>>> print(open('upload_5.pdb').read())   # PDB, C-alpha atoms, pLDDT in the B column
ATOM      1  CA  LEU A   1      36.077 -27.817   5.181  1.00 78.00           C
ATOM      2  CA  SER A   2      35.910 -26.456   1.616  1.00 81.00           C
ATOM      3  CA  ILE A   3      34.857 -29.836   0.194  1.00 83.00           C
ATOM      4  CA  PRO A   4      31.655 -30.767  -1.711  1.00 85.00           C
ATOM      5  CA  VAL A   5      28.541 -32.238  -0.031  1.00 87.00           C
ATOM      6  CA  VAL A   6      26.491 -34.940  -1.805  1.00 86.00           C
ATOM      7  CA  ALA A   7      22.992 -35.291  -0.320  1.00 85.00           C
ATOM      8  CA  ASP A   8      20.314 -37.986  -0.929  1.00 83.00           C
ATOM      9  CA  CYS A   9      22.944 -40.568  -1.879  1.00 85.00           C
ATOM     10  CA  VAL A  10      21.528 -44.117  -2.161  1.00 81.00           C
ATOM     11  CA  ASN A  11      24.690 -46.033  -3.060  1.00 82.00           C
ATOM     12  CA  VAL A  12      28.478 -45.657  -2.899  1.00 82.00           C
ATOM     13  CA  MET A  13      30.786 -47.692  -5.106  1.00 80.00           C
ATOM     14  CA  ALA A  14      34.526 -47.755  -5.524  1.00 74.00           C
ATOM     15  CA  GLN A  15      35.839 -46.625  -8.902  1.00 70.00           C
ATOM     16  CA  GLY A  16      39.497 -47.391  -9.315  1.00 67.00           C
ATOM     17  CA  ASP A  17      41.868 -47.306  -6.374  1.00 62.00           C
ATOM     18  CA  SER A  18      40.705 -44.091  -4.723  1.00 61.00           C
ATOM     19  CA  ASP A  19      37.779 -42.519  -6.599  1.00 72.00           C
ATOM     20  CA  LEU A  20      34.092 -42.925  -5.767  1.00 77.00           C
ATOM     21  CA  LYS A  21      30.982 -43.356  -7.893  1.00 82.00           C
ATOM     22  CA  LEU A  22      27.805 -42.152  -6.149  1.00 84.00           C
ATOM     23  CA  GLU A  23      24.163 -42.885  -6.993  1.00 85.00           C
ATOM     24  CA  VAL A  24      22.011 -39.902  -5.994  1.00 86.00           C
ATOM     25  CA  ALA A  25      18.207 -39.631  -5.786  1.00 81.00           C
ATOM     26  CA  THR A  26      16.791 -36.659  -7.671  1.00 76.00           C
ATOM     27  CA  ALA A  27      13.437 -35.261  -8.858  1.00 67.00           C
ATOM     28  CA  GLY A  28      11.782 -36.114  -5.553  1.00 61.00           C
ATOM     29  CA  GLY A  29      13.132 -39.659  -5.618  1.00 64.00           C
ATOM     30  CA  MET A  30      11.692 -40.399  -9.071  1.00 66.00           C
ATOM     31  CA  ALA A  31      15.120 -41.006 -10.620  1.00 73.00           C
ATOM     32  CA  TRP A  32      18.694 -41.848  -9.672  1.00 77.00           C
ATOM     33  CA  VAL A  33      21.710 -40.185 -11.268  1.00 84.00           C
ATOM     34  CA  ASP A  34      25.432 -40.907 -11.069  1.00 85.00           C
ATOM     35  CA  ALA A  35      27.797 -38.405  -9.473  1.00 84.00           C
ATOM     36  CA  THR A  36      31.581 -38.653  -9.299  1.00 82.00           C
ATOM     37  CA  PRO A  37      33.699 -36.153  -7.324  1.00 78.00           C
ATOM     38  CA  ALA A  38      36.753 -34.818  -9.133  1.00 77.00           C
ATOM     39  CA  GLN A  39      39.730 -37.155  -8.954  1.00 71.00           C
ATOM     40  CA  GLY A  40      41.354 -37.090  -5.538  1.00 70.00           C
ATOM     41  CA  VAL A  41      38.725 -34.717  -4.070  1.00 73.00           C
ATOM     42  CA  SER A  42      37.189 -35.664  -0.708  1.00 78.00           C
ATOM     43  CA  ALA A  43      33.431 -35.283  -0.200  1.00 81.00           C
ATOM     44  CA  ILE A  44      30.820 -35.426   2.560  1.00 86.00           C
ATOM     45  CA  VAL A  45      28.175 -37.997   1.560  1.00 85.00           C
ATOM     46  CA  LEU A  46      24.721 -38.005   3.211  1.00 85.00           C
ATOM     47  CA  MET A  47      22.843 -41.329   3.020  1.00 80.00           C
ATOM     48  CA  PRO A  48      19.697 -42.920   4.524  1.00 71.00           C
ATOM     49  CA  LEU A  49      20.469 -45.075   7.557  1.00 62.00           C
ATOM     50  CA  ARG A  50      19.503 -48.316   5.775  1.00 54.00           C
ATOM     51  CA  GLU A  51      22.046 -47.802   3.010  1.00 47.00           C
ATOM     52  CA  ILE A  52      25.247 -49.857   3.242  1.00 53.00           C
ATOM     53  CA  PRO A  53      28.019 -48.918   0.785  1.00 52.00           C
ATOM     54  CA  GLN A  54      29.233 -51.710  -1.472  1.00 56.00           C
ATOM     55  CA  GLY A  55      32.825 -52.858  -1.623  1.00 59.00           C
ATOM     56  CA  ASP A  56      35.318 -53.959   0.995  1.00 62.00           C
ATOM     57  CA  PRO A  57      34.352 -53.136   4.576  1.00 59.00           C
ATOM     58  CA  ALA A  58      36.390 -50.581   6.469  1.00 60.00           C
ATOM     59  CA  PRO A  59      39.215 -52.088   8.545  1.00 66.00           C
ATOM     60  CA  LYS A  60      38.295 -52.829  12.134  1.00 67.00           C
ATOM     61  CA  THR A  61      39.619 -50.402  14.686  1.00 71.00           C
ATOM     62  CA  THR A  62      39.574 -50.340  18.458  1.00 78.00           C
ATOM     63  CA  PRO A  63      37.434 -47.410  19.618  1.00 74.00           C
ATOM     64  CA  ARG A  64      38.589 -45.118  22.405  1.00 81.00           C
ATOM     65  CA  VAL A  65      36.046 -45.229  25.223  1.00 79.00           C
ATOM     66  CA  GLN A  66      35.730 -42.368  27.684  1.00 82.00           C
ATOM     67  CA  THR A  67      33.485 -42.967  30.696  1.00 82.00           C
ATOM     68  CA  VAL A  68      31.836 -39.855  32.123  1.00 80.00           C
ATOM     69  CA  PRO A  69      30.305 -40.245  35.618  1.00 82.00           C
ATOM     70  CA  MET A  70      26.836 -38.725  35.981  1.00 75.00           C
ATOM     71  CA  GLU A  71      24.368 -38.418  38.831  1.00 75.00           C
ATOM     72  CA  LEU A  72      20.800 -38.750  37.570  1.00 65.00           C
ATOM     73  CA  PRO A  73      17.774 -37.733  39.626  1.00 64.00           C
ATOM     74  CA  ALA A  74      15.065 -40.261  40.431  1.00 64.00           C
ATOM     75  CA  ALA A  75      12.709 -40.845  37.529  1.00 60.00           C
ATOM     76  CA  SER A  76       9.746 -39.405  39.437  1.00 56.00           C
ATOM     77  CA  ASP A  77      11.442 -36.134  40.418  1.00 59.00           C
ATOM     78  CA  GLY A  78       9.596 -33.193  38.913  1.00 64.00           C
ATOM     79  CA  PHE A  79       7.119 -35.320  36.952  1.00 67.00           C
ATOM     80  CA  THR A  80       3.517 -36.306  37.655  1.00 73.00           C
ATOM     81  CA  LEU A  81       1.612 -38.817  35.535  1.00 74.00           C
ATOM     82  CA  VAL A  82      -1.740 -37.210  34.844  1.00 82.00           C
ATOM     83  CA  GLU A  83      -3.334 -39.573  32.317  1.00 80.00           C
ATOM     84  CA  THR A  84      -2.495 -42.547  30.089  1.00 75.00           C
ATOM     85  CA  VAL A  85      -4.230 -42.523  26.708  1.00 71.00           C
ATOM     86  CA  LYS A  86      -4.170 -45.551  24.413  1.00 65.00           C
ATOM     87  CA  VAL A  87      -4.253 -44.443  20.766  1.00 60.00           C
ATOM     88  CA  ARG A  88      -6.606 -46.475  18.605  1.00 64.00           C
ATOM     89  CA  LYS A  89      -5.246 -47.835  15.346  1.00 62.00           C
ATOM     90  CA  GLU A  90      -7.965 -46.082  13.369  1.00 62.00           C
ATOM     91  CA  ASP A  91      -6.921 -42.738  14.851  1.00 66.00           C
ATOM     92  CA  MET A  92      -3.313 -43.083  13.656  1.00 75.00           C
ATOM     93  CA  THR A  93      -2.079 -41.581  10.429  1.00 85.00           C
ATOM     94  CA  LEU A  94      -0.310 -43.721   7.845  1.00 89.00           C
ATOM     95  CA  ALA A  95       3.032 -42.212   8.911  1.00 88.00           C
ATOM     96  CA  GLU A  96       2.396 -43.339  12.526  1.00 87.00           C
ATOM     97  CA  ALA A  97       1.348 -46.913  11.705  1.00 90.00           C
ATOM     98  CA  GLY A  98       3.343 -49.797  13.145  1.00 91.00           C
ATOM     99  CA  ILE A  99       2.310 -52.247  10.401  1.00 94.00           C
ATOM    100  CA  ILE A 100       1.476 -51.339   6.802  1.00 96.00           C
ATOM    101  CA  VAL A 101       0.159 -53.511   3.970  1.00 96.00           C
ATOM    102  CA  SER A 102       0.703 -51.712   0.633  1.00 97.00           C
ATOM    103  CA  GLY A 103      -0.524 -52.608  -2.832  1.00 96.00           C
ATOM    104  CA  GLY A 104       0.537 -51.543  -6.305  1.00 95.00           C
ATOM    105  CA  ARG A 105      -0.018 -52.186 -10.001  1.00 94.00           C
ATOM    106  CA  GLY A 106       0.247 -55.942  -9.434  1.00 94.00           C
ATOM    107  CA  LEU A 107      -3.168 -55.944  -7.721  1.00 95.00           C
ATOM    108  CA  GLY A 108      -4.738 -55.461 -11.155  1.00 93.00           C
ATOM    109  CA  GLY A 109      -7.403 -52.922 -10.200  1.00 94.00           C
ATOM    110  CA  PRO A 110      -9.413 -51.406  -7.335  1.00 95.00           C
ATOM    111  CA  GLU A 111     -10.916 -54.806  -6.540  1.00 95.00           C
ATOM    112  CA  GLY A 112      -7.422 -55.989  -5.632  1.00 93.00           C
ATOM    113  CA  PHE A 113      -7.453 -53.742  -2.565  1.00 95.00           C
ATOM    114  CA  GLU A 114     -10.471 -55.561  -1.087  1.00 95.00           C
ATOM    115  CA  PRO A 115      -8.507 -58.669   0.047  1.00 94.00           C
ATOM    116  CA  LEU A 116      -5.589 -56.394   0.974  1.00 94.00           C
ATOM    117  CA  THR A 117      -7.880 -54.425   3.302  1.00 94.00           C
ATOM    118  CA  LYS A 118      -9.132 -57.671   4.842  1.00 94.00           C
ATOM    119  CA  LEU A 119      -5.551 -58.830   5.391  1.00 94.00           C
ATOM    120  CA  ALA A 120      -4.724 -55.513   7.035  1.00 93.00           C
ATOM    121  CA  GLN A 121      -7.700 -55.856   9.392  1.00 92.00           C
ATOM    122  CA  LEU A 122      -6.588 -59.349  10.423  1.00 93.00           C
ATOM    123  CA  ILE A 123      -3.090 -58.236  11.426  1.00 92.00           C
ATOM    124  CA  GLY A 124      -3.959 -54.764  12.750  1.00 90.00           C
ATOM    125  CA  ALA A 125      -2.315 -52.902   9.879  1.00 93.00           C
ATOM    126  CA  HIS A 126      -2.927 -49.764   7.838  1.00 94.00           C
ATOM    127  CA  VAL A 127      -3.379 -49.968   4.056  1.00 95.00           C
ATOM    128  CA  GLY A 128      -0.835 -48.197   1.872  1.00 96.00           C
ATOM    129  CA  ALA A 129      -0.434 -47.881  -1.883  1.00 96.00           C
ATOM    130  CA  SER A 130       2.028 -47.035  -4.619  1.00 95.00           C
ATOM    131  CA  ARG A 131       1.614 -43.890  -6.716  1.00 93.00           C
ATOM    132  CA  VAL A 132       0.491 -45.913  -9.744  1.00 93.00           C
ATOM    133  CA  ALA A 133      -2.436 -47.308  -7.745  1.00 95.00           C
ATOM    134  CA  THR A 134      -3.495 -43.869  -6.496  1.00 94.00           C
ATOM    135  CA  ASP A 135      -2.987 -42.169  -9.877  1.00 93.00           C
ATOM    136  CA  LEU A 136      -5.248 -44.782 -11.500  1.00 94.00           C
ATOM    137  CA  GLY A 137      -7.910 -44.119  -8.875  1.00 94.00           C
ATOM    138  CA  TRP A 138      -7.801 -47.619  -7.400  1.00 96.00           C
ATOM    139  CA  ILE A 139      -7.540 -46.191  -3.876  1.00 95.00           C
ATOM    140  CA  ASP A 140      -7.652 -42.777  -2.232  1.00 93.00           C
ATOM    141  CA  ARG A 141      -4.469 -40.689  -2.290  1.00 92.00           C
ATOM    142  CA  ASP A 142      -4.439 -40.621   1.540  1.00 91.00           C
ATOM    143  CA  HIS A 143      -2.943 -44.131   1.294  1.00 94.00           C
ATOM    144  CA  LEU A 144       0.016 -43.057  -0.873  1.00 94.00           C
ATOM    145  CA  VAL A 145       3.441 -44.119   0.415  1.00 95.00           C
ATOM    146  CA  GLY A 146       6.454 -42.383  -1.102  1.00 91.00           C
ATOM    147  CA  MET A 147       8.236 -39.084  -1.579  1.00 85.00           C
ATOM    148  CA  SER A 148       5.022 -37.439  -2.834  1.00 83.00           C
ATOM    149  CA  GLY A 149       2.891 -39.056  -0.123  1.00 89.00           C
ATOM    150  CA  SER A 150       3.669 -40.332   3.372  1.00 91.00           C
ATOM    151  CA  THR A 151       7.164 -41.264   4.492  1.00 91.00           C
ATOM    152  CA  VAL A 152       6.705 -44.281   6.770  1.00 93.00           C
ATOM    153  CA  ARG A 153       8.864 -46.256   9.204  1.00 92.00           C
ATOM    154  CA  PRO A 154       6.697 -49.148  10.440  1.00 93.00           C
ATOM    155  CA  SER A 155       8.049 -52.198  12.227  1.00 93.00           C
ATOM    156  CA  LEU A 156       6.601 -54.329   9.395  1.00 95.00           C
ATOM    157  CA  TYR A 157       5.974 -53.256   5.783  1.00 97.00           C
ATOM    158  CA  LEU A 158       4.273 -55.681   3.382  1.00 97.00           C
ATOM    159  CA  ALA A 159       4.699 -54.649  -0.276  1.00 97.00           C
ATOM    160  CA  ILE A 160       2.156 -56.581  -2.368  1.00 96.00           C
ATOM    161  CA  GLY A 161       2.412 -56.260  -6.141  1.00 95.00           C
ATOM    162  CA  ILE A 162       4.703 -53.221  -5.932  1.00 96.00           C
ATOM    163  CA  SER A 163       7.730 -53.125  -8.241  1.00 93.00           C
ATOM    164  CA  GLY A 164       9.467 -50.371  -6.257  1.00 92.00           C
ATOM    165  CA  ALA A 165       9.886 -47.091  -8.122  1.00 90.00           C
ATOM    166  CA  PRO A 166      12.598 -44.884  -6.547  1.00 89.00           C
ATOM    167  CA  HIS A 167      10.110 -42.392  -5.100  1.00 87.00           C
ATOM    168  CA  HIS A 168       8.265 -45.258  -3.358  1.00 93.00           C
ATOM    169  CA  LEU A 169      11.438 -46.850  -1.997  1.00 92.00           C
ATOM    170  CA  MET A 170      12.610 -43.530  -0.580  1.00 89.00           C
ATOM    171  CA  GLY A 171       9.348 -43.275   1.355  1.00 91.00           C
ATOM    172  CA  MET A 172       9.450 -46.701   3.059  1.00 93.00           C
ATOM    173  CA  ARG A 173      13.043 -47.951   3.011  1.00 91.00           C
ATOM    174  CA  ASP A 174      13.528 -47.184   6.730  1.00 90.00           C
ATOM    175  CA  SER A 175      10.911 -49.772   7.745  1.00 93.00           C
ATOM    176  CA  THR A 176      12.297 -52.226  10.303  1.00 93.00           C
ATOM    177  CA  THR A 177      11.270 -55.340   8.339  1.00 95.00           C
ATOM    178  CA  ILE A 178      10.235 -55.297   4.683  1.00 96.00           C
ATOM    179  CA  VAL A 179       8.403 -58.239   3.094  1.00 96.00           C
ATOM    180  CA  ALA A 180       7.763 -58.137  -0.660  1.00 96.00           C
ATOM    181  CA  LEU A 181       5.554 -60.277  -2.895  1.00 96.00           C
ATOM    182  CA  ASN A 182       5.934 -59.833  -6.658  1.00 95.00           C
ATOM    183  CA  THR A 183       5.896 -61.912  -9.824  1.00 94.00           C
ATOM    184  CA  ASP A 184       9.145 -60.275 -10.968  1.00 93.00           C
ATOM    185  CA  GLU A 185      12.100 -61.513  -8.932  1.00 92.00           C
ATOM    186  CA  SER A 186      14.304 -58.719 -10.314  1.00 92.00           C
ATOM    187  CA  ALA A 187      11.973 -55.879  -9.236  1.00 93.00           C
ATOM    188  CA  PRO A 188      13.786 -53.183  -7.172  1.00 92.00           C
ATOM    189  CA  ILE A 189      11.564 -53.824  -4.131  1.00 94.00           C
ATOM    190  CA  MET A 190      12.778 -57.445  -4.048  1.00 94.00           C
ATOM    191  CA  LYS A 191      16.384 -56.305  -3.618  1.00 91.00           C
ATOM    192  CA  LEU A 192      15.479 -53.970  -0.765  1.00 92.00           C
ATOM    193  CA  ALA A 193      13.216 -56.445   1.045  1.00 94.00           C
ATOM    194  CA  ASP A 194      14.365 -58.449   4.055  1.00 95.00           C
ATOM    195  CA  HIS A 195      12.122 -61.287   2.823  1.00 95.00           C
ATOM    196  CA  ALA A 196      11.220 -61.492  -0.892  1.00 95.00           C
ATOM    197  CA  PHE A 197       8.662 -63.934  -2.327  1.00 95.00           C
ATOM    198  CA  VAL A 198       7.954 -64.573  -6.006  1.00 95.00           C
ATOM    199  CA  GLY A 199       4.292 -65.306  -6.603  1.00 94.00           C
ATOM    200  CA  ASP A 200       0.866 -64.202  -7.841  1.00 93.00           C
ATOM    201  CA  VAL A 201      -0.894 -61.910  -5.356  1.00 93.00           C
ATOM    202  CA  ASN A 202      -4.286 -63.317  -6.421  1.00 91.00           C
ATOM    203  CA  ALA A 203      -3.179 -66.771  -5.318  1.00 92.00           C
ATOM    204  CA  VAL A 204      -1.044 -65.951  -2.285  1.00 93.00           C
ATOM    205  CA  VAL A 205      -3.081 -63.257  -0.486  1.00 94.00           C
ATOM    206  CA  PRO A 206      -6.339 -65.298  -0.232  1.00 93.00           C
ATOM    207  CA  LYS A 207      -4.368 -68.265   1.167  1.00 93.00           C
ATOM    208  CA  LEU A 208      -2.703 -65.981   3.696  1.00 92.00           C
ATOM    209  CA  ILE A 209      -6.088 -64.591   4.753  1.00 93.00           C
ATOM    210  CA  SER A 210      -7.401 -68.143   5.153  1.00 92.00           C
ATOM    211  CA  LEU A 211      -4.413 -69.147   7.286  1.00 90.00           C
ATOM    212  CA  LEU A 212      -5.073 -66.147   9.530  1.00 89.00           C
ATOM    213  CA  GLY A 213      -8.681 -67.233  10.016  1.00 83.00           C
ATOM    214  CA  GLY A 214     -10.272 -64.680   7.712  1.00 73.00           C
TER
END
>>> encode(input="upload_5.pdb", output="C-alpha cells")
Amino acid sequence: LSIPVVADCVNVMAQGDSDLKLEVATAGGMAWVDATPAQGVSAIVLMPLREIPQGDPAPKTTPRVQTVPMELPAASDGFTLVETVKVRKEDMTLAEAGIIVSGGRGLGGPEGFEPLTKLAQLIGAHVGASRVATDLGWIDRDHLVGMSGSTVRPSLYLAIGISGAPHHLMGMRDSTTIVALNTDESAPIMKLADHAFVGDVNAVVPKLISLLGG
C-alpha cells in the first residue's frame, strides 16, 4: 500500500480535523513516545486488543452478511478420545494461570508477599510480581509479569501495590478482568483496571484473607 506501519501503539488521539497523534510503546514497553504521521498521510496502526482509541466513535454502518452453507462431519468422525488429563494448578506456568495475584513496591518488602501467597492459595491463584519487587529480591524472578518476564492473560488479575509501569502493563493488559489496589488513585494501573480500589494493602489484604476463611 506504500503507507507507513505503526506497531505497538497503545493510544490513538485526534489532532486537528484529520491528523492523528499516536502513543507508541518502545524500549520493551518501558517507555511511551509520541508519533505523528505526516499531514494527510494514511497509516496502518497495530494495537493490543484491549486498546480503545479516544475521540468520537466511528459512525454506525450496516454490515453486509454473506451466508455460506457448509456440511460438517459428525464430531466423532476420525477422532478417538484416548485419555483425559486434568492439569494441576501447581504444574501450570505463570503464563498459563487462570487467576494471578501480583504484588509490587507497595508491599513494602519480601514479608509483604507472605499474605499475598496465602490469598493466592485461598482462591486457587498463582503469585506474580512487578519488576521492582523482583529486582529488589523480594521474590524470585520466575514470578515476574511484564515485557521482560511472563506475558499473561488470566481471567482474573489482582494487582496489589503495583503502580503500573509501561512494561508491566504491556505484559498483563489482556487479562479478562483486572482488579487493582493502590494508595495512589492516579497510578497508571488504576486507569487500566476494571475495578480500582484506593487503600493500604497492609489493611485490606488481611481483611480479605479473613473474609475468605484464611
>>> closest_residue(input="upload_5.pdb", among="A:Met170, A:Leu158, A:Ala165, A:Met147", to="His195 in chain A", atoms="all atoms listed in the file")
A:Leu158
>>> atom_distance(input="upload_5.pdb", atom1="CA of Ile3 in chain A", atom2="CA of Pro37 in chain A")
9.9 Å
>>> residues_around(input="upload_5.pdb", residues="Ala35 in chain A", least_positions_apart="4", cutoff="7 Å", atoms="all atoms listed in the file", output="list in words")
Lys21, Leu22, Glu23 and Val24 of chain A
>>> residues_around(input="upload_5.pdb", residues="Cys9 in chain A", least_positions_apart="5", cutoff="9 Å", atoms="all atoms listed in the file", output="list in words")
Leu22, Glu23, Val24, Ala25, Trp32, Val45, Leu46, Met47, Pro48 and Glu51 of chain A
>>> closest_residue(input="upload_5.pdb", among="A:Gly106, A:Gly137, A:Pro69, A:Gly112", to="Asp200 in chain A", atoms="only C-alpha atoms")
A:Gly106
>>> closest_residue(input="upload_5.pdb", among="A:Gly161, A:Gly199, A:Gly124, A:Gly104", to="Leu212 in chain A", atoms="only C-alpha atoms")
A:Gly124
>>> resolve_selection(input="upload_5.pdb", expression="the PyMOL selection byres ((chain A and resi 114) around 12)", output="PDB file with C-alpha atoms, in the coordinates of the input")
ATOM      1  CA  VAL A 101       0.159 -53.511   3.970  1.00 96.00           C
ATOM      2  CA  SER A 102       0.703 -51.712   0.633  1.00 97.00           C
ATOM      3  CA  GLY A 103      -0.524 -52.608  -2.832  1.00 96.00           C
ATOM      4  CA  LEU A 107      -3.168 -55.944  -7.721  1.00 95.00           C
ATOM      5  CA  GLY A 108      -4.738 -55.461 -11.155  1.00 93.00           C
ATOM      6  CA  GLY A 109      -7.403 -52.922 -10.200  1.00 94.00           C
ATOM      7  CA  PRO A 110      -9.413 -51.406  -7.335  1.00 95.00           C
ATOM      8  CA  GLU A 111     -10.916 -54.806  -6.540  1.00 95.00           C
ATOM      9  CA  GLY A 112      -7.422 -55.989  -5.632  1.00 93.00           C
ATOM     10  CA  PHE A 113      -7.453 -53.742  -2.565  1.00 95.00           C
ATOM     11  CA  PRO A 115      -8.507 -58.669   0.047  1.00 94.00           C
ATOM     12  CA  LEU A 116      -5.589 -56.394   0.974  1.00 94.00           C
ATOM     13  CA  THR A 117      -7.880 -54.425   3.302  1.00 94.00           C
ATOM     14  CA  LYS A 118      -9.132 -57.671   4.842  1.00 94.00           C
ATOM     15  CA  LEU A 119      -5.551 -58.830   5.391  1.00 94.00           C
ATOM     16  CA  ALA A 120      -4.724 -55.513   7.035  1.00 93.00           C
ATOM     17  CA  GLN A 121      -7.700 -55.856   9.392  1.00 92.00           C
ATOM     18  CA  VAL A 127      -3.379 -49.968   4.056  1.00 95.00           C
ATOM     19  CA  TRP A 138      -7.801 -47.619  -7.400  1.00 96.00           C
ATOM     20  CA  ILE A 139      -7.540 -46.191  -3.876  1.00 95.00           C
ATOM     21  CA  ASN A 202      -4.286 -63.317  -6.421  1.00 91.00           C
ATOM     22  CA  VAL A 205      -3.081 -63.257  -0.486  1.00 94.00           C
ATOM     23  CA  PRO A 206      -6.339 -65.298  -0.232  1.00 93.00           C
ATOM     24  CA  ILE A 209      -6.088 -64.591   4.753  1.00 93.00           C
TER      25      ILE A 209
END
>>> closest_residue(input="upload_5.pdb", among="A:Ala31, A:Val145, A:Leu1, A:Val179", to="Ile160 in chain A", atoms="all atoms listed in the file")
A:Val179
>>> axis_aligned_box(input="upload_5.pdb", around="range 114-132 of chain A", padding_each_side="8 Å", output="lines of an AutoDock Vina configuration file")
center_x = -4.2
center_y = -51.6
center_z = 1.5
size_x = 28.5
size_y = 31.5
size_z = 38.5
>>> atom_distance(input="upload_5.pdb", atom1="CA of Leu156 in chain A", atom2="CA of Leu211 in chain A")
18.6 Å
>>> resolve_selection(input="upload_5.pdb", expression="the PyMOL selection byres ((chain A and resi 182-184) around 9)", output="ChimeraX atom specification")
/A:106,159-163,180-181,185-187,189-190,196-201
>>> atom_distance(input="upload_5.pdb", atom1="CA of Gly40 in chain A", atom2="CA of Met13 in chain A")
15.0 Å
>>> residues_around(input="upload_5.pdb", residues="Leu144 in chain A", least_positions_apart="3", cutoff="8 Å", atoms="all atoms listed in the file", output="PyMOL selection string")
chain A and resi 128-131+134+140-141+148-150
>>> resolve_selection(input="upload_5.pdb", expression="the PyMOL selection byres ((chain A and resi 2) around 12)", output="count of residues only")
8
>>> residues_around(input="upload_5.pdb", residues="Ala97 in chain A", least_positions_apart="6", cutoff="9 Å", atoms="only C-alpha atoms", output="short mmCIF file (atom, residue, chain, number, x, y, z; two decimals) with C-alpha atoms, in the coordinates of the input")
data_model
loop_
_atom_site.label_atom_id
_atom_site.label_comp_id
_atom_site.auth_asym_id
_atom_site.auth_seq_id
_atom_site.Cartn_x
_atom_site.Cartn_y
_atom_site.Cartn_z
CA LYS A 89 -5.25 -47.84 15.35
CA ALA A 125 -2.32 -52.90 9.88
CA HIS A 126 -2.93 -49.76 7.84
CA VAL A 152 6.70 -44.28 6.77
CA ARG A 153 8.86 -46.26 9.20
CA PRO A 154 6.70 -49.15 10.44
CA SER A 155 8.05 -52.20 12.23
#
>>> residues_around(input="upload_5.pdb", residues="Leu192 in chain A", least_positions_apart="4", cutoff="9 Å", atoms="only C-alpha atoms", output="list of chain:residue names")
A:Gly164, A:Leu169, A:Arg173, A:Ile178, A:Ala180, A:Pro188, A:Ala196
>>> build_atoms(input="upload_5.pdb", residues="range 35-49 of chain A", atoms="N, CA and C atoms", output="mmCIF file, in the coordinates of the input")
data_model
loop_
_atom_site.group_PDB
_atom_site.id
_atom_site.type_symbol
_atom_site.label_atom_id
_atom_site.label_comp_id
_atom_site.auth_asym_id
_atom_site.auth_seq_id
_atom_site.Cartn_x
_atom_site.Cartn_y
_atom_site.Cartn_z
ATOM 1 N N ALA A 35 26.964 -39.574 -9.775
ATOM 2 C CA ALA A 35 27.797 -38.405 -9.473
ATOM 3 C C ALA A 35 29.177 -38.908 -9.078
ATOM 4 N N THR A 36 30.206 -38.272 -9.607
ATOM 5 C CA THR A 36 31.581 -38.653 -9.299
ATOM 6 C C THR A 36 32.378 -37.409 -8.936
ATOM 7 N N PRO A 37 32.860 -37.303 -7.682
ATOM 8 C CA PRO A 37 33.699 -36.153 -7.324
ATOM 9 C C PRO A 37 34.951 -36.128 -8.191
ATOM 10 N N ALA A 38 35.522 -34.940 -8.355
ATOM 11 C CA ALA A 38 36.753 -34.818 -9.133
ATOM 12 C C ALA A 38 37.827 -35.726 -8.536
ATOM 13 N N GLN A 39 38.719 -36.198 -9.373
ATOM 14 C CA GLN A 39 39.730 -37.155 -8.954
ATOM 15 C C GLN A 39 40.525 -36.618 -7.757
ATOM 16 N N GLY A 40 40.581 -37.443 -6.714
ATOM 17 C CA GLY A 40 41.354 -37.090 -5.538
ATOM 18 C C GLY A 40 40.676 -36.109 -4.606
ATOM 19 N N VAL A 41 39.433 -35.684 -4.905
ATOM 20 C CA VAL A 41 38.725 -34.717 -4.070
ATOM 21 C C VAL A 41 37.884 -35.454 -3.032
ATOM 22 N N SER A 42 38.015 -35.082 -1.762
ATOM 23 C CA SER A 42 37.189 -35.664 -0.708
ATOM 24 C C SER A 42 35.790 -35.064 -0.773
ATOM 25 N N ALA A 43 34.804 -35.772 -0.194
ATOM 26 C CA ALA A 43 33.431 -35.283 -0.200
ATOM 27 C C ALA A 43 32.708 -35.778 1.043
ATOM 28 N N ILE A 44 31.729 -34.996 1.495
ATOM 29 C CA ILE A 44 30.820 -35.426 2.560
ATOM 30 C C ILE A 44 29.590 -36.026 1.884
ATOM 31 N N VAL A 45 29.273 -37.284 2.205
ATOM 32 C CA VAL A 45 28.175 -37.997 1.560
ATOM 33 C C VAL A 45 27.084 -38.263 2.589
ATOM 34 N N LEU A 46 25.862 -37.802 2.313
ATOM 35 C CA LEU A 46 24.721 -38.005 3.211
ATOM 36 C C LEU A 46 23.851 -39.116 2.646
ATOM 37 N N MET A 47 23.587 -40.158 3.481
ATOM 38 C CA MET A 47 22.843 -41.329 3.020
ATOM 39 C C MET A 47 21.772 -41.704 4.032
ATOM 40 N N PRO A 48 20.673 -42.367 3.587
ATOM 41 C CA PRO A 48 19.697 -42.920 4.524
ATOM 42 C C PRO A 48 20.370 -43.968 5.408
ATOM 43 N N LEU A 49 19.839 -44.171 6.599
ATOM 44 C CA LEU A 49 20.469 -45.075 7.557
ATOM 45 C C LEU A 49 20.524 -46.513 7.055
#
